[in-house]
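Everything on this sheet refers to the single structure shown next.
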Amino acid sequence: MRAGALAVAIAGTLVLAACGGNDGGTAAGSVAGLPVTHFESGLRPDAPTPDLDVRNVSDDDADRLATATIADVEDYWSGELPDDFGVKFDPVEKLLSYESNGTNQTNGCGDTKKNVNAFYCGQDDSIAWDRGVLLPTMIQQFGPLSVVTVLSHEFGHAVQYRLQDKAGITRSTPTIVKEQQADCFAGSYYRWVAEGKSKYFRVSTAEGLNAALSSLFLVRDSAGTAATDNQAHGTAFDRIFAFQLGFEQGPKECAKIDMTSLQSRLTERPFDQADRNEGTLPINDTTLDFLKQSLDAAFAGAHVPSPEIVPGSGACSGGPATPPASYCPSDNTVNIDVDTLAALGREVNQSAEWNGETSGGHGDFAALSEIASRYALAIEKGVGASLDNANAGLRTACLVGAWAAATNKLPNTVLRLSAGDLDEAISDLLRPDSLVAADVNGKRVDAGFTRVEAMRTGYLKGSTPCSKQYG
């Protein structure tokens with residue numbers, strides 16, 4: 001985040017009503033209408049051997065996963081393209097496995113030497129992947145579904161090539177549109193797998209989809225990238241939005257994505273000229289004062305007492321203990337462990353993530369969101385909403401998203417959302433010990449997919465759906 005000049009914009013404050021039940025929204029016990037499931041995700045033990053011609057293929061785990069993914073995605077699209085678009089499905093013409101740190105290979109798009117990548121090449125209708133560095137790195141960090149995520153996205157580009165005008169794709173289509181469509185197509189394929197229709201893979205809607213989303217998070221643009229950049233793929237927030245759109249609504253919605261539909265929701269933007277710290281504020285007394293000021297202004301419309309934010313152990317005396325931040329209903333305070341939150345809020349080292357090396361830092365907005373989530377519980381208590389069930393966790397994540405969207409509009413406050421902040425929130429939500437979608441006792445909603453969806457709902461639609469969907 002950044003501390004900007006005082007705003008002069010006029011903005012409404014966030015409101016929240018107590019709600020006795022779910023009003024047609026996402027249930028805490030489901031993932032886009034599917035049950036929350038827990039089992040080992042990946043290649044089925046009884047998966048058939050793919051009958052594919054892959055140039056330079058090996059018998060290592062990365063290639064086995066890659067070839068199974070291509071075969072499986074082709075099974076999916078062989079039904080979807082005719083049924084949804086009236087287009088005959090044709091498999092891609094060529095497949096190439098290569099080692100970016102090994103012997104050079106070539107395809108219609110050139111050489112593979114030092115190309116740590118997976119890509120679709122329209123020049124010869126081929127898909128290629130690096131089994132030397134890229135796939136092993138992703139498997140090590142996120143498991144076998146990371147390969148499925150990457151290659152189902154690349155196959156999404158092959159689908160665009162086949163759909164052409166049915167997906168609005170021309171030579172002048174911005175890269176970000178093509179990438180968002182491909183993420184969306186990958187999400188629609190994952191829904192098919194999650195419904196148990198795949199011969200090759202099985203994916204749980206809890207840990208399995210978490211791994212898929214974490215893979216998208218890793219392969220995101222750097223903070224400060226503009227959506228108009230000709231290499232822009234999207235922030236983690238944008239990419240996960242597109243994936244979830246496909247998962248929830250199917251490939252027809254993916255094909256509708258264009259620059260007009262993206263403009264209202266894209267979060268990718270350059271750093272503001274006033275953002276001297278490039279999005280990283282220290283978690284100290286000054287920043288915490290800015291945070292309290294921002295939260296008080298954002299939730300003034302609820303007309304309930306706001307909690308004080310007090311340094312301490314991060315636990316309540318004789319009450320909830322959810323360190324590094326806890327909401328204490330007995331005295332309406334949020335008790336925080338500043339040192340632990342400061343460590344969580346250290347600057348993200350994106351390049352180190354590729355090597356599985358992190359400083360433990362998830363960015364300042366991750367730390368501030370943890371505090372904001374406990375603050376939101378006080379507002380929920382004030383309007384009579386529940387604090388100790390799964391819907392309370394989702395409602396809280398939704399309110400954190402609504403607050404994030406409000407920060408840049410609030411008058412007479414200095415805390416401002418910066419490029420990369422929403423990705424820091426996504427990073428925190430996908431952590432197994434995140435508080436952002438947890439109830440007052442720290443019970444977290446199992447499915448990262450649902451946690452992210454709740455925060456996204458608040459960010460894009462404001463506070464009103466938070467009580468209606470997560471009552």
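The way I read the labels, and the way they are meant: chains A, B, ... in the order of the structure tokens, residue 1 as the first residue of every chain, and ligand 1 as the first ligand shown, with later ones counted on from there.
For Leu387 (chain A), the non-local neighbours within 6 Å, defined as residues at least 5 positions apart in the same chain or in other chains and counting only C-alpha atoms, are Ala392, Asp439 and Val440 of chain A.
Secondary structure from DSSP on the backbone puts strand (DSSP E or B) at the following positions of region 97-290 of chain A: A:Ser97, A:Tyr98, A:Thr106, A:Asn107, A:Gly110, A:Asp111, A:Ala118, A:Phe119, A:Tyr120, A:Cys121, A:Ser126, A:Ile127, A:Ala128, A:Trp129, A:Asp130, A:Phe201, A:Arg202.
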Proximity check region 108-174 of chain A to region 249-256 of chain A, 8 Å, nearest pairs one decimal Å, only C-alpha atoms, as a tab-separated table:
```
residue	atom	partner	partner_atom	distance
A:Lys166	CA	A:Ala255	CA	7.0
A:Ala167	CA	A:Ala255	CA	4.4
A:Gly168	CA	A:Ala255	CA	7.3
```
Based on the selection just made, write N, CA and C atoms of those residues as an mmCIF file, in the first residue's frame.
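Result went into part04.cif, see below:
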```cif
data_model
loop_
_atom_site.group_PDB
_atom_site.id
_atom_site.type_symbol
_atom_site.label_atom_id
_atom_site.label_comp_id
_atom_site.auth_asym_id
_atom_site.auth_seq_id
_atom_site.Cartn_x
_atom_site.Cartn_y
_atom_site.Cartn_z
ATOM 1 N N LYS A 166 -15.451 -16.409 -33.199
ATOM 2 C CA LYS A 166 -16.409 -16.820 -32.171
ATOM 3 C C LYS A 166 -15.899 -16.468 -30.776
ATOM 4 N N ALA A 167 -14.614 -16.195 -30.667
ATOM 5 C CA ALA A 167 -14.040 -15.707 -29.412
ATOM 6 C C ALA A 167 -13.562 -14.266 -29.554
ATOM 7 N N GLY A 168 -13.871 -13.637 -30.680
ATOM 8 C CA GLY A 168 -13.480 -12.242 -30.896
ATOM 9 C C GLY A 168 -11.990 -12.047 -31.080
#
```
Kindly indicate which residue among A:Glu154, A:Leu218, A:Phe247, A:Cys328 lies nearest to Ala194 (chain A), using only C-alpha atoms for the distances.
->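 Comparing A:Glu154, A:Leu218, A:Phe247, A:Cys328 against Ala194 (chain A), the winner is A:Phe247.
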